[in-house]
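Student: mmCIF, C-alpha atoms, saved as final.cif, coming up:
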```
data_final
loop_
_atom_site.label_atom_id
_atom_site.label_comp_id
_atom_site.auth_asym_id
_atom_site.auth_seq_id
_atom_site.Cartn_x
_atom_site.Cartn_y
_atom_site.Cartn_z
CA MET A 8 -4.70 -12.62 -14.75
CA VAL A 9 -3.30 -13.24 -11.31
CA GLY A 10 -1.61 -16.37 -10.11
CA ARG A 11 0.13 -17.23 -6.89
CA ARG A 12 3.74 -17.86 -7.72
CA THR A 13 7.07 -18.12 -5.96
CA ARG A 14 8.87 -14.86 -5.68
CA ARG A 15 12.56 -14.54 -6.45
CA SER A 16 13.07 -11.69 -4.01
CA ASN A 17 11.22 -9.42 -1.64
CA GLY A 18 11.30 -5.73 -0.85
CA ARG A 19 13.23 -3.17 -2.87
CA GLU A 20 16.67 -3.71 -4.34
CA SER A 21 19.38 -1.61 -2.76
CA ASP A 22 23.10 -1.62 -2.09
CA GLY A 23 22.63 0.07 1.27
CA VAL A 24 20.18 0.61 4.06
CA GLU A 25 19.44 4.28 3.48
CA GLY A 26 15.76 5.16 3.77
CA LEU A 27 14.74 2.29 6.06
CA SER A 28 11.93 2.86 8.53
CA ASP A 29 13.00 4.12 11.93
CA THR A 30 11.51 6.14 14.75
CA LYS A 31 11.39 9.16 12.45
CA ILE A 32 9.03 7.35 10.07
CA PHE A 33 6.82 5.91 12.84
CA PRO A 34 7.02 8.35 15.76
CA GLN A 35 3.90 7.05 17.49
CA PHE A 36 3.57 4.18 19.94
CA ALA A 37 4.62 0.81 18.57
CA SER A 38 1.02 -0.41 18.51
CA ALA A 39 -0.31 2.68 16.71
CA PRO A 40 -1.32 2.14 13.06
CA ALA A 41 0.53 3.97 10.30
CA THR A 42 -0.99 7.36 9.51
CA GLU A 43 -1.40 8.96 6.09
CA ASP A 44 1.66 11.10 6.84
CA ASP A 45 3.66 7.96 7.68
CA LYS A 46 2.72 6.42 4.35
CA ALA A 47 3.60 9.62 2.48
CA ARG A 48 7.07 9.75 4.05
CA TRP A 49 7.78 6.05 3.44
CA ARG A 50 9.65 5.65 0.15
CA GLY A 51 8.89 2.01 -0.63
CA PHE A 52 6.02 0.07 -2.22
CA CYS A 53 4.07 -2.00 0.30
CA GLU A 54 3.63 -5.76 -0.09
CA ILE A 55 0.14 -5.85 -1.58
CA GLU A 56 0.85 -8.05 -4.57
CA SER A 57 4.16 -9.27 -5.96
CA GLU A 58 7.03 -8.03 -8.04
CA PRO A 59 7.58 -6.65 -11.49
CA THR A 60 10.36 -4.12 -12.15
CA ILE A 61 9.27 -2.27 -9.02
CA LYS A 62 9.20 -4.66 -6.10
CA ASN A 63 5.73 -5.29 -4.67
CA ALA A 64 3.89 -3.17 -7.27
CA CYS A 65 2.87 -5.91 -9.70
CA ALA A 66 -0.87 -5.29 -9.93
CA THR A 67 -0.34 -1.54 -10.05
CA VAL A 68 2.01 -1.97 -13.02
CA ALA A 69 -0.50 -4.30 -14.73
CA LEU A 70 -3.23 -1.68 -14.40
CA LEU A 71 -0.94 1.02 -15.76
CA ASN A 72 -0.03 -1.26 -18.68
CA ILE A 73 -3.71 -1.56 -19.57
CA ILE A 74 -4.91 2.02 -19.22
CA ASN A 75 -1.86 3.45 -20.99
CA ASN A 76 -2.64 1.33 -24.06
CA ILE A 77 -6.33 2.18 -24.45
CA PRO A 78 -6.69 4.78 -27.24
CA ASN A 79 -8.37 8.09 -26.36
CA LEU A 80 -8.94 7.12 -22.74
CA GLU A 81 -9.23 10.05 -20.33
CA ILE A 82 -6.85 9.11 -17.50
CA GLY A 83 -6.51 12.43 -15.68
CA ASP A 84 -3.75 15.02 -15.59
CA ASN A 85 -1.27 13.09 -13.42
CA LEU A 86 -1.38 9.84 -15.38
CA GLN A 87 -1.43 11.65 -18.73
CA ALA A 88 1.64 13.68 -17.77
CA PHE A 89 3.46 10.49 -16.78
CA LYS A 90 2.38 8.77 -20.00
CA ASP A 91 3.71 11.65 -22.11
CA PHE A 92 6.91 11.89 -20.08
CA SER A 93 7.73 8.17 -20.39
CA ALA A 94 6.47 7.66 -23.96
CA THR A 95 9.98 7.15 -25.40
CA PHE A 96 11.32 5.09 -22.48
CA SER A 97 12.22 1.43 -22.69
CA PRO A 98 10.13 -0.97 -20.55
CA ALA A 99 12.92 -1.12 -17.96
CA LEU A 100 13.18 2.67 -17.73
CA LYS A 101 9.39 2.95 -17.47
CA GLY A 102 9.51 0.56 -14.54
CA ASP A 103 12.10 2.71 -12.81
CA ALA A 104 10.01 5.81 -13.53
CA ILE A 105 6.98 4.20 -11.86
CA GLY A 106 9.09 3.68 -8.75
CA ASN A 107 9.60 7.46 -8.57
CA PHE A 108 6.01 8.36 -9.52
CA GLU A 109 4.72 9.95 -6.33
CA PHE A 110 1.07 10.03 -7.42
CA VAL A 111 0.90 6.25 -7.98
CA ARG A 112 3.09 5.40 -4.99
CA LEU A 113 0.84 7.26 -2.57
CA ILE A 114 -2.31 5.59 -3.89
CA HIS A 115 -0.67 2.16 -3.85
CA ASN A 116 0.61 2.59 -0.30
CA SER A 117 -2.73 3.90 0.94
CA PHE A 118 -3.61 0.21 1.27
CA ALA A 119 -0.53 -0.53 3.35
CA ARG A 120 -0.67 -1.55 6.96
CA LYS A 121 2.12 -0.72 9.33
CA MET A 122 3.30 -4.34 9.40
CA ASP A 123 3.47 -4.40 5.58
CA MET A 124 5.84 -1.46 5.65
CA LEU A 125 7.95 -2.79 8.50
CA ASN A 126 8.28 -6.19 6.83
CA ALA A 127 9.38 -4.63 3.55
CA ASP A 128 12.01 -2.55 5.31
CA LEU A 129 13.21 -5.52 7.37
CA ILE A 130 13.67 -7.62 4.23
CA LEU A 131 15.56 -4.80 2.55
CA LYS A 132 17.76 -4.35 5.62
CA ASN A 133 18.58 -8.08 5.70
CA GLU A 134 19.40 -8.07 2.00
CA ALA A 135 21.64 -5.02 2.36
CA THR A 136 23.38 -6.54 5.39
CA SER A 137 24.00 -9.79 3.53
CA LYS A 138 25.46 -7.91 0.57
CA ALA A 139 27.67 -5.84 2.83
CA LYS A 140 29.06 -9.00 4.44
CA GLY A 141 29.48 -10.70 1.08
CA LYS A 142 27.02 -13.46 1.92
CA LYS A 143 24.97 -15.21 -0.75
CA ARG A 144 21.30 -15.75 -0.14
CA LYS A 145 20.21 -19.35 0.00
CA ALA A 146 17.85 -20.66 -2.64
CA ASP A 147 15.27 -21.65 -0.06
CA GLU A 148 15.29 -18.11 1.33
CA ASP A 149 14.66 -16.72 -2.15
CA GLU A 150 11.84 -19.13 -2.84
CA SER A 151 10.28 -19.33 0.59
CA GLU A 152 7.49 -16.80 0.45
CA PRO A 153 4.74 -17.04 -2.19
CA GLY A 154 3.18 -13.95 -3.75
CA PHE A 155 0.69 -12.98 -6.42
CA HIS A 156 1.84 -12.11 -9.89
CA PHE A 157 -0.35 -10.16 -12.32
CA ILE A 158 -0.25 -10.34 -16.12
CA ALA A 159 -2.28 -8.07 -18.39
CA PHE A 160 -3.88 -9.30 -21.62
CA MET A 161 -5.36 -6.68 -23.93
CA PRO A 162 -6.15 -6.00 -27.58
CA VAL A 163 -4.28 -3.20 -29.34
CA GLU A 164 -5.67 -2.56 -32.82
CA ASP A 165 -5.85 -6.08 -34.35
CA GLN A 166 -3.18 -7.68 -32.15
CA LEU A 167 -3.51 -9.40 -28.76
CA TRP A 168 -0.71 -8.51 -26.37
CA LYS A 169 0.50 -10.02 -23.11
CA LEU A 170 2.05 -7.44 -20.78
CA ASP A 171 4.07 -9.20 -18.09
CA GLY A 172 6.16 -7.16 -15.65
CA LEU A 173 8.64 -10.03 -15.33
CA GLU A 174 9.37 -10.05 -19.07
CA ARG A 175 11.75 -7.64 -20.78
CA GLN A 176 9.30 -6.74 -23.57
CA PRO A 177 5.56 -6.95 -24.32
CA MET A 178 4.67 -10.17 -26.13
CA SER A 179 2.35 -10.33 -29.14
CA LEU A 180 0.05 -13.36 -29.12
CA GLY A 181 -0.91 -12.77 -32.75
CA ALA A 182 -3.78 -11.22 -34.63
CA PHE A 183 -7.41 -11.84 -33.72
CA GLU A 184 -10.62 -11.44 -35.68
CA ASP A 185 -13.61 -10.96 -33.40
CA ASP A 186 -13.20 -12.48 -29.94
CA TRP A 187 -9.83 -11.59 -28.39
CA LEU A 188 -10.98 -12.99 -25.03
CA ARG A 189 -11.13 -16.50 -26.45
CA GLN A 190 -7.58 -16.22 -27.75
CA ALA A 191 -6.35 -14.85 -24.42
CA GLY A 192 -8.19 -17.69 -22.65
CA ASN A 193 -6.21 -20.25 -24.62
CA ASP A 194 -2.93 -18.74 -23.45
CA ILE A 195 -4.14 -18.54 -19.84
CA GLU A 196 -5.27 -22.17 -19.88
CA ALA A 197 -1.91 -23.25 -21.28
CA ARG A 198 -0.14 -21.33 -18.51
CA MET A 199 -2.31 -22.94 -15.84
CA ALA A 200 -1.71 -26.40 -17.28
CA GLN A 201 2.05 -26.00 -16.73
CA HIS A 202 1.58 -26.34 -12.98
CA GLU A 203 0.37 -29.27 -10.96
CA GLU A 204 -3.18 -29.05 -9.71
CA GLY A 205 -3.43 -27.51 -6.27
CA HIS A 206 0.08 -26.03 -6.31
CA LEU A 207 -0.98 -22.61 -7.58
CA GLU A 208 -4.05 -20.42 -7.30
CA PHE A 209 -5.34 -18.52 -10.32
CA SER A 210 -7.92 -15.77 -10.66
CA ILE A 211 -9.19 -13.82 -13.66
CA LEU A 212 -9.86 -10.11 -13.16
CA GLY A 213 -11.50 -7.81 -15.72
CA LEU A 214 -10.89 -4.08 -16.09
CA VAL A 215 -14.17 -2.72 -17.45
CA ARG A 216 -15.85 0.60 -18.01
CA ASP A 217 -17.95 1.88 -15.10
CA PRO A 218 -21.56 1.15 -16.17
CA LEU A 219 -22.76 4.34 -14.46
CA LEU A 220 -20.95 6.39 -17.10
CA SER A 221 -23.49 5.20 -19.67
CA LEU A 222 -26.48 4.40 -17.47
CA VAL A 223 -26.87 7.89 -15.98
CA PRO A 224 -26.94 9.72 -19.37
CA ARG A 225 -29.40 7.12 -20.67
CA LEU A 226 -31.69 7.74 -17.68
CA ALA A 227 -31.41 11.50 -18.19
CA SER A 228 -32.39 11.08 -21.84
CA ASN A 229 -35.29 8.85 -20.80
CA ILE A 230 -36.56 11.45 -18.32
CA GLN A 231 -36.27 14.24 -20.88
CA CYS A 232 -38.22 12.21 -23.44
CA ILE A 233 -41.01 11.47 -20.95
CA ILE A 234 -41.20 15.15 -20.02
CA GLN A 235 -41.55 16.22 -23.65
CA LEU A 236 -44.06 13.50 -24.52
CA THR A 237 -46.14 14.36 -21.47
CA ALA A 238 -46.14 18.00 -22.52
CA ARG A 239 -47.27 16.98 -25.99
CA LEU A 240 -50.13 14.87 -24.61
CA ASN A 241 -51.28 17.76 -22.43
CA ALA A 242 -51.39 19.94 -25.52
CA LEU A 243 -53.33 17.36 -27.56
CA LYS A 244 -55.90 16.24 -24.99
CA SER A 245 -56.27 17.51 -21.44
CA ASP A 246 -57.90 14.28 -20.16
CA TRP A 247 -55.50 11.88 -21.93
CA GLN A 248 -54.65 10.13 -18.64
CA GLU A 249 -58.20 8.75 -18.40
CA LEU A 250 -57.93 6.84 -21.68
CA ASP A 251 -57.74 3.02 -21.66
CA ILE A 252 -54.54 3.06 -23.69
CA ASN A 253 -52.68 4.42 -20.67
CA ALA A 254 -52.69 1.03 -18.96
CA ILE A 255 -49.03 -0.01 -18.47
CA ASP A 256 -47.98 -3.63 -18.09
CA GLY A 257 -45.77 -4.49 -15.14
CA ASP A 258 -45.20 -2.92 -11.73
CA VAL A 259 -44.35 0.77 -12.15
CA SER A 260 -44.29 2.34 -8.70
CA TYR A 261 -43.39 5.82 -9.89
CA VAL A 262 -41.92 7.67 -12.82
CA LEU A 263 -39.04 10.14 -12.72
CA THR A 264 -39.95 13.37 -14.48
CA GLU A 265 -37.33 15.61 -12.88
CA PRO A 266 -33.67 15.49 -11.72
CA ASP A 267 -32.88 12.99 -8.98
CA ILE A 268 -29.46 13.11 -7.30
CA SER A 269 -29.87 9.62 -5.87
CA TYR A 270 -29.62 8.30 -9.43
CA GLY A 271 -26.87 10.73 -10.42
CA VAL A 272 -29.17 12.82 -12.62
CA THR A 273 -28.43 16.44 -11.74
CA PRO A 274 -30.32 19.46 -13.15
CA ALA A 275 -27.27 20.30 -15.28
CA ILE A 276 -27.15 16.81 -16.80
CA LEU A 277 -30.88 16.84 -17.53
CA ASN A 278 -30.82 20.32 -19.05
CA ASN A 279 -27.89 19.43 -21.32
CA THR A 280 -29.60 16.28 -22.60
CA THR A 281 -30.72 16.52 -26.21
CA LEU A 282 -33.90 14.88 -27.45
CA PRO A 283 -33.36 11.94 -29.84
CA GLU A 284 -34.61 12.61 -33.37
CA GLU A 285 -37.14 9.77 -33.14
CA ILE A 286 -38.76 11.23 -30.02
CA ALA A 287 -38.61 14.75 -31.41
CA SER A 288 -40.53 13.50 -34.43
CA ILE A 289 -43.17 11.82 -32.27
CA CYS A 290 -43.55 15.03 -30.28
CA GLN A 291 -44.83 16.59 -33.50
CA SER A 292 -47.47 13.87 -33.95
CA ARG A 293 -51.16 14.66 -33.58
CA SER A 294 -51.99 11.09 -32.61
CA VAL A 295 -52.67 10.74 -28.89
CA GLU A 296 -52.36 6.97 -29.17
CA GLU A 297 -48.93 7.10 -30.82
CA VAL A 298 -47.52 9.52 -28.28
CA THR A 299 -49.02 7.57 -25.36
CA LEU A 300 -47.65 4.23 -26.53
CA GLN A 301 -44.17 5.71 -26.89
CA ARG A 302 -44.42 7.20 -23.41
CA GLN A 303 -45.43 3.81 -21.97
CA GLN A 304 -42.41 2.16 -23.54
CA LEU A 305 -40.13 4.78 -22.04
CA ILE A 306 -41.66 4.31 -18.58
CA THR A 307 -41.04 0.56 -18.76
CA ALA A 308 -37.46 1.17 -19.92
CA GLN A 309 -36.95 3.66 -17.09
CA THR A 310 -37.79 1.03 -14.49
CA GLU A 311 -35.01 -1.21 -15.83
CA LEU A 312 -32.57 1.72 -15.99
CA ARG A 313 -33.25 2.74 -12.40
CA TYR A 314 -32.75 -0.84 -11.23
CA SER A 315 -29.45 -1.11 -13.13
CA ILE A 316 -28.17 2.16 -11.66
CA LYS A 317 -29.02 1.14 -8.10
CA GLU A 318 -27.32 -2.21 -8.66
CA ALA A 319 -24.17 -0.50 -9.96
CA GLN A 320 -24.19 1.97 -7.06
CA GLN A 321 -24.48 -0.87 -4.54
CA SER A 322 -21.57 -2.62 -6.23
CA ASP A 323 -19.47 0.54 -5.94
CA GLN A 324 -20.38 0.89 -2.27
CA SER A 325 -19.40 -2.72 -1.66
CA ASP A 326 -16.05 -2.14 -3.37
CA GLU A 327 -15.45 0.97 -1.27
CA ALA A 328 -16.26 -0.97 1.90
CA ARG A 329 -13.77 -3.70 0.98
CA ALA A 330 -11.12 -1.08 0.21
CA ALA A 331 -11.74 0.62 3.55
CA ALA A 332 -11.43 -2.74 5.32
CA ARG A 333 -8.14 -3.40 3.52
CA ARG A 334 -6.79 -0.04 4.68
CA CYS A 335 -7.81 -0.67 8.29
CA ASP A 336 -4.82 -1.69 10.43
CA TYR A 337 -6.36 -4.50 12.48
CA GLY A 338 -2.94 -5.67 13.66
CA ALA A 339 -2.29 -2.49 15.60
CA ARG A 340 -5.77 -2.67 17.15
CA MET A 341 -5.24 -6.28 18.19
CA GLN A 342 -1.94 -5.36 19.83
CA GLU A 343 -3.67 -2.65 21.81
CA PHE A 344 -6.47 -5.08 22.78
CA VAL A 345 -3.98 -7.71 23.98
CA ARG A 346 -2.07 -5.07 25.92
CA ARG A 347 -5.22 -3.95 27.74
CA VAL A 348 -6.30 -7.51 28.50
CA LYS A 349 -2.85 -8.29 29.88
CA SER A 350 -2.90 -5.16 32.03
CA LYS A 351 -6.35 -6.04 33.36
CA ARG A 352 -5.27 -9.60 34.21
CA LEU A 353 -2.21 -8.29 36.05
CA ALA A 354 -4.38 -5.87 37.99
CA MET A 355 -6.82 -8.69 38.90
CA GLY A 356 -3.90 -10.86 39.99
CA GLU A 357 -2.54 -8.17 42.26
CA ALA A 358 -6.01 -7.70 43.77
CA GLU A 359 -6.27 -11.44 44.57
CA ILE A 360 -2.85 -11.37 46.25
CA ASN A 361 -3.93 -8.41 48.38
CA LEU A 362 -7.09 -10.25 49.42
CA GLU A 363 -5.09 -13.23 50.57
#
```
Give the structure from the file, written as structure tokens.
Tutor:
Amino acid sequence: MVGRRTRRSNGRESDGVEGLSDTKIFPQFASAPATEDDKARWRGFCEIESEPTIKNACATVALLNIINNIPNLEIGDNLQAFKDFSATFSPALKGDAIGNFEFVRLIHNSFARKMDMLNADLILKNEATSKAKGKKRKADEDESEPGFHFIAFMPVEDQLWKLDGLERQPMSLGAFEDDWLRQAGNDIEARMAQHEEGHLEFSILGLVRDPLLSLVPRLASNIQCIIQLTARLNALKSDWQELDINAIDGDVSYVLTEPDISYGVTPAILNNTTLPEEIASICQSRSVEEVTLQRQQLITAQTELRYSIKEAQQSDQSDEARAAARRCDYGARMQEFVRRVKSKRLAMGEAEINLE
């Protein structure tokens, strides 16, 4: 769950100004966007979301809270090593460990724009300067800038848990029987009702399994079954395709009977696919009609599978396009555009003066 809330502070907490951005961090022209090397050298977390223990890394922490609590989930070597390393840590220490987790920091900051990084460093510098001078920050300065806050709800065994980066400990919302989403919805609705209408924005985000992980193996199994059934029909009756029972309802433009990379079905995946017992049994049948009917059903199912895979692939491409747009530093490009327009106008003005 994400809601726009008022932040208590911005940037990273510090008693000094060490590590702030300077010409060493951004050696290019002022209007040049931050490069991947710039982001790797920068030690902060960019302002993409809001704050948990690590300032500006709220959604990243919420995602880590979820994936680290899913049993038997393959999360890769880097995340697994961090999970094992921090297994005995308190929530506060885990938050500090995330702040020093280079793998996550680099991915998080890959979405940063140069202005995000400069703003975070400017806020930190102002905070450090105020502390050095013994000044207290005003309440309106603390509460002036709204940000998004992310809370994770997830089932662990038979308990529903709320994982909030602003709380000291995870909170159990009690046991659930079948539908944990309904129980989580009640808590979310109660939280939304605490605020006046129009004062906050709320969104619900779901972390789900990639459908391609199951769709591609299902298509590979479908193709393998059709191949074997076709081979069985050829062995039973050479002219089986001319029989009336081969009429298939619906629009079937073509049938996959071999690997197809565009659907993610590689030769290795297809070769490693085992035949379901039911289909293996039908492949032993001597009834042309039985084998043909089963093959027709598989062809119809394949059409739906191929459509689902293409839909999932298009969704992934759309997500990648949005991520690429978020990484694009339009601000730096606009500065360069304005600079060129200004230079051109000055040149045109000088030309008019010369003509006079």
Student: So that I can see what lies close to region 72-80 of chain A, please list as a list of chain:residue names the residues with an atom at most 9 Å from it, counting only C-alpha atoms and leaving out residues fewer than 6 positions away in the same chain.
Tutor: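 My reading of the contact set: A:Leu86, A:Gln87, A:Lys90, A:Ala159, A:Phe160, A:Met161, A:Pro162, A:Val163, A:Leu170, A:Asp171, A:Leu214.
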Student: Tell me, in Å to one decimal, how far CA of Phe110 (chain A) is from CA of Phe89 (chain A).
Tutor: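 CA of Phe110 (chain A) sits 9.7 Å away from CA of Phe89 (chain A).
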Student: Counting only C-alpha atoms, which residue out of A:Gln235, A:Ala330, A:Val111, A:Leu70 sits closest to Ser288 (chain A)?
Tutor: A:Gln235
Student: Within 12 Å of (-18.8, -0.8, -5.1) (coordinates as in the file), grab all the protein and nucleic acid residues, counting only C-alpha atoms, and write them out as a list of chain:residue names.
Tutor: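 Neighbouring residues, ordered by chain and number, come to A:Asp217, A:Pro218, A:Leu219, A:Ile316, A:Lys317, A:Glu318, A:Ala319, A:Gln320, A:Gln321, A:Ser322, A:Asp323, A:Gln324, A:Ser325, A:Asp326, A:Glu327, A:Ala328, A:Arg329, A:Ala330, A:Ala331.
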Student: Which neighbours of Ser228 (chain A) fall inside 9 Å, counting only C-alpha atoms, when residues of the same chain fewer than 5 positions from it are skipped, and could you give them as an NGL selection string?
Tutor: :A and (223 or 233 or 277 or 280-283)
Student: Provide the CA of Arg216 (chain A) to CA of Leu188 (chain A) distance in Å, to one decimal place.
Tutor: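 Between CA of Arg216 (chain A) and CA of Leu188 (chain A) the gap works out to 16.1 Å.
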Student: (1.5, -13.2, -19.7) in this file's frame - what residues fall within 12 Å of it? Use all atoms listed in the file and give the answer as a VMD selection string.
Tutor: chain A and resid 8 to 10 69 156 to 161 167 to 180 191 to 199
Student: With distances taken over all atoms listed in the file, which residue among A:Lys351, A:Gly271, A:Ser137, A:Arg239 lies nearest Ser221 (chain A)?
Tutor: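 Counting all atoms listed in the file, the residue closest to Ser221 (chain A) is A:Gly271.
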Student: Quick one: apply the PyMOL selection byres ((chain A and resi 311) around 12) to the file and drop the selected residues here as a PyMOL selection string.
Tutor: chain A and resi 222+225-226+229+257-259+262+304-310+312-318
Student: Between CA of Tyr337 (chain A) and CA of Glu208 (chain A), what is the distance, to one decimal in Å?
Tutor: 25.5 Å
Student: Could you model N, CA and C atoms for region 160-183 of chain A and present them as a PDB file, in the frame of the given file?
Tutor:
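Saved as rebuild20.pdb:
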```pdb
ATOM      1  N   PHE A 160      -3.594  -8.929 -20.243  1.00  0.00           N
ATOM      2  CA  PHE A 160      -3.880  -9.300 -21.620  1.00  0.00           C
ATOM      3  C   PHE A 160      -4.819  -8.244 -22.187  1.00  0.00           C
ATOM      4  N   MET A 161      -4.490  -7.709 -23.362  1.00  0.00           N
ATOM      5  CA  MET A 161      -5.360  -6.680 -23.930  1.00  0.00           C
ATOM      6  C   MET A 161      -5.166  -6.577 -25.438  1.00  0.00           C
ATOM      7  N   PRO A 162      -6.244  -6.208 -26.137  1.00  0.00           N
ATOM      8  CA  PRO A 162      -6.150  -6.000 -27.580  1.00  0.00           C
ATOM      9  C   PRO A 162      -5.665  -4.589 -27.890  1.00  0.00           C
ATOM     10  N   VAL A 163      -4.738  -4.486 -28.831  1.00  0.00           N
ATOM     11  CA  VAL A 163      -4.280  -3.200 -29.340  1.00  0.00           C
ATOM     12  C   VAL A 163      -4.382  -3.268 -30.857  1.00  0.00           C
ATOM     13  N   GLU A 164      -5.333  -2.485 -31.400  1.00  0.00           N
ATOM     14  CA  GLU A 164      -5.670  -2.560 -32.820  1.00  0.00           C
ATOM     15  C   GLU A 164      -6.112  -3.998 -33.130  1.00  0.00           C
ATOM     16  N   ASP A 165      -5.407  -4.725 -34.013  1.00  0.00           N
ATOM     17  CA  ASP A 165      -5.850  -6.080 -34.350  1.00  0.00           C
ATOM     18  C   ASP A 165      -4.946  -7.141 -33.750  1.00  0.00           C
ATOM     19  N   GLN A 166      -4.110  -6.753 -32.778  1.00  0.00           N
ATOM     20  CA  GLN A 166      -3.180  -7.680 -32.150  1.00  0.00           C
ATOM     21  C   GLN A 166      -3.541  -7.876 -30.675  1.00  0.00           C
ATOM     22  N   LEU A 167      -3.343  -9.104 -30.176  1.00  0.00           N
ATOM     23  CA  LEU A 167      -3.510  -9.400 -28.760  1.00  0.00           C
ATOM     24  C   LEU A 167      -2.130  -9.393 -28.117  1.00  0.00           C
ATOM     25  N   TRP A 168      -2.002  -8.648 -27.027  1.00  0.00           N
ATOM     26  CA  TRP A 168      -0.710  -8.510 -26.370  1.00  0.00           C
ATOM     27  C   TRP A 168      -0.771  -9.037 -24.930  1.00  0.00           C
ATOM     28  N   LYS A 169       0.337  -9.614 -24.506  1.00  0.00           N
ATOM     29  CA  LYS A 169       0.500 -10.020 -23.110  1.00  0.00           C
ATOM     30  C   LYS A 169       1.555  -9.107 -22.492  1.00  0.00           C
ATOM     31  N   LEU A 170       1.166  -8.406 -21.441  1.00  0.00           N
ATOM     32  CA  LEU A 170       2.050  -7.440 -20.780  1.00  0.00           C
ATOM     33  C   LEU A 170       2.406  -7.989 -19.403  1.00  0.00           C
ATOM     34  N   ASP A 171       3.602  -8.520 -19.302  1.00  0.00           N
ATOM     35  CA  ASP A 171       4.070  -9.200 -18.090  1.00  0.00           C
ATOM     36  C   ASP A 171       5.239  -8.416 -17.508  1.00  0.00           C
ATOM     37  N   GLY A 172       5.100  -7.946 -16.278  1.00  0.00           N
ATOM     38  CA  GLY A 172       6.160  -7.160 -15.650  1.00  0.00           C
ATOM     39  C   GLY A 172       7.452  -7.900 -15.450  1.00  0.00           C
ATOM     40  N   LEU A 173       7.418  -9.241 -15.497  1.00  0.00           N
ATOM     41  CA  LEU A 173       8.640 -10.030 -15.330  1.00  0.00           C
ATOM     42  C   LEU A 173       9.366 -10.267 -16.650  1.00  0.00           C
ATOM     43  N   GLU A 174       8.740  -9.888 -17.758  1.00  0.00           N
ATOM     44  CA  GLU A 174       9.370 -10.050 -19.070  1.00  0.00           C
ATOM     45  C   GLU A 174      10.022  -8.734 -19.489  1.00  0.00           C
ATOM     46  N   ARG A 175      11.027  -8.832 -20.346  1.00  0.00           N
ATOM     47  CA  ARG A 175      11.750  -7.640 -20.780  1.00  0.00           C
ATOM     48  C   ARG A 175      10.933  -6.789 -21.752  1.00  0.00           C
ATOM     49  N   GLN A 176      10.052  -7.434 -22.548  1.00  0.00           N
ATOM     50  CA  GLN A 176       9.300  -6.740 -23.570  1.00  0.00           C
ATOM     51  C   GLN A 176       7.851  -7.248 -23.592  1.00  0.00           C
ATOM     52  N   PRO A 177       6.919  -6.431 -24.077  1.00  0.00           N
ATOM     53  CA  PRO A 177       5.560  -6.950 -24.320  1.00  0.00           C
ATOM     54  C   PRO A 177       5.609  -8.071 -25.346  1.00  0.00           C
ATOM     55  N   MET A 178       4.684  -9.014 -25.236  1.00  0.00           N
ATOM     56  CA  MET A 178       4.670 -10.170 -26.130  1.00  0.00           C
ATOM     57  C   MET A 178       3.382 -10.189 -26.942  1.00  0.00           C
ATOM     58  N   SER A 179       3.515 -10.241 -28.267  1.00  0.00           N
ATOM     59  CA  SER A 179       2.350 -10.330 -29.140  1.00  0.00           C
ATOM     60  C   SER A 179       1.908 -11.786 -29.231  1.00  0.00           C
ATOM     61  N   LEU A 180       0.607 -12.011 -29.004  1.00  0.00           N
ATOM     62  CA  LEU A 180       0.050 -13.360 -29.120  1.00  0.00           C
ATOM     63  C   LEU A 180      -0.625 -13.562 -30.482  1.00  0.00           C
ATOM     64  N   GLY A 181      -0.392 -12.622 -31.399  1.00  0.00           N
ATOM     65  CA  GLY A 181      -0.910 -12.770 -32.750  1.00  0.00           C
ATOM     66  C   GLY A 181      -2.164 -11.949 -32.995  1.00  0.00           C
ATOM     67  N   ALA A 182      -2.587 -11.961 -34.232  1.00  0.00           N
ATOM     68  CA  ALA A 182      -3.780 -11.220 -34.630  1.00  0.00           C
ATOM     69  C   ALA A 182      -5.044 -11.967 -34.219  1.00  0.00           C
ATOM     70  N   PHE A 183      -6.124 -11.225 -34.034  1.00  0.00           N
ATOM     71  CA  PHE A 183      -7.410 -11.840 -33.720  1.00  0.00           C
ATOM     72  C   PHE A 183      -8.466 -11.216 -34.621  1.00  0.00           C
TER      73      PHE A 183
END
```
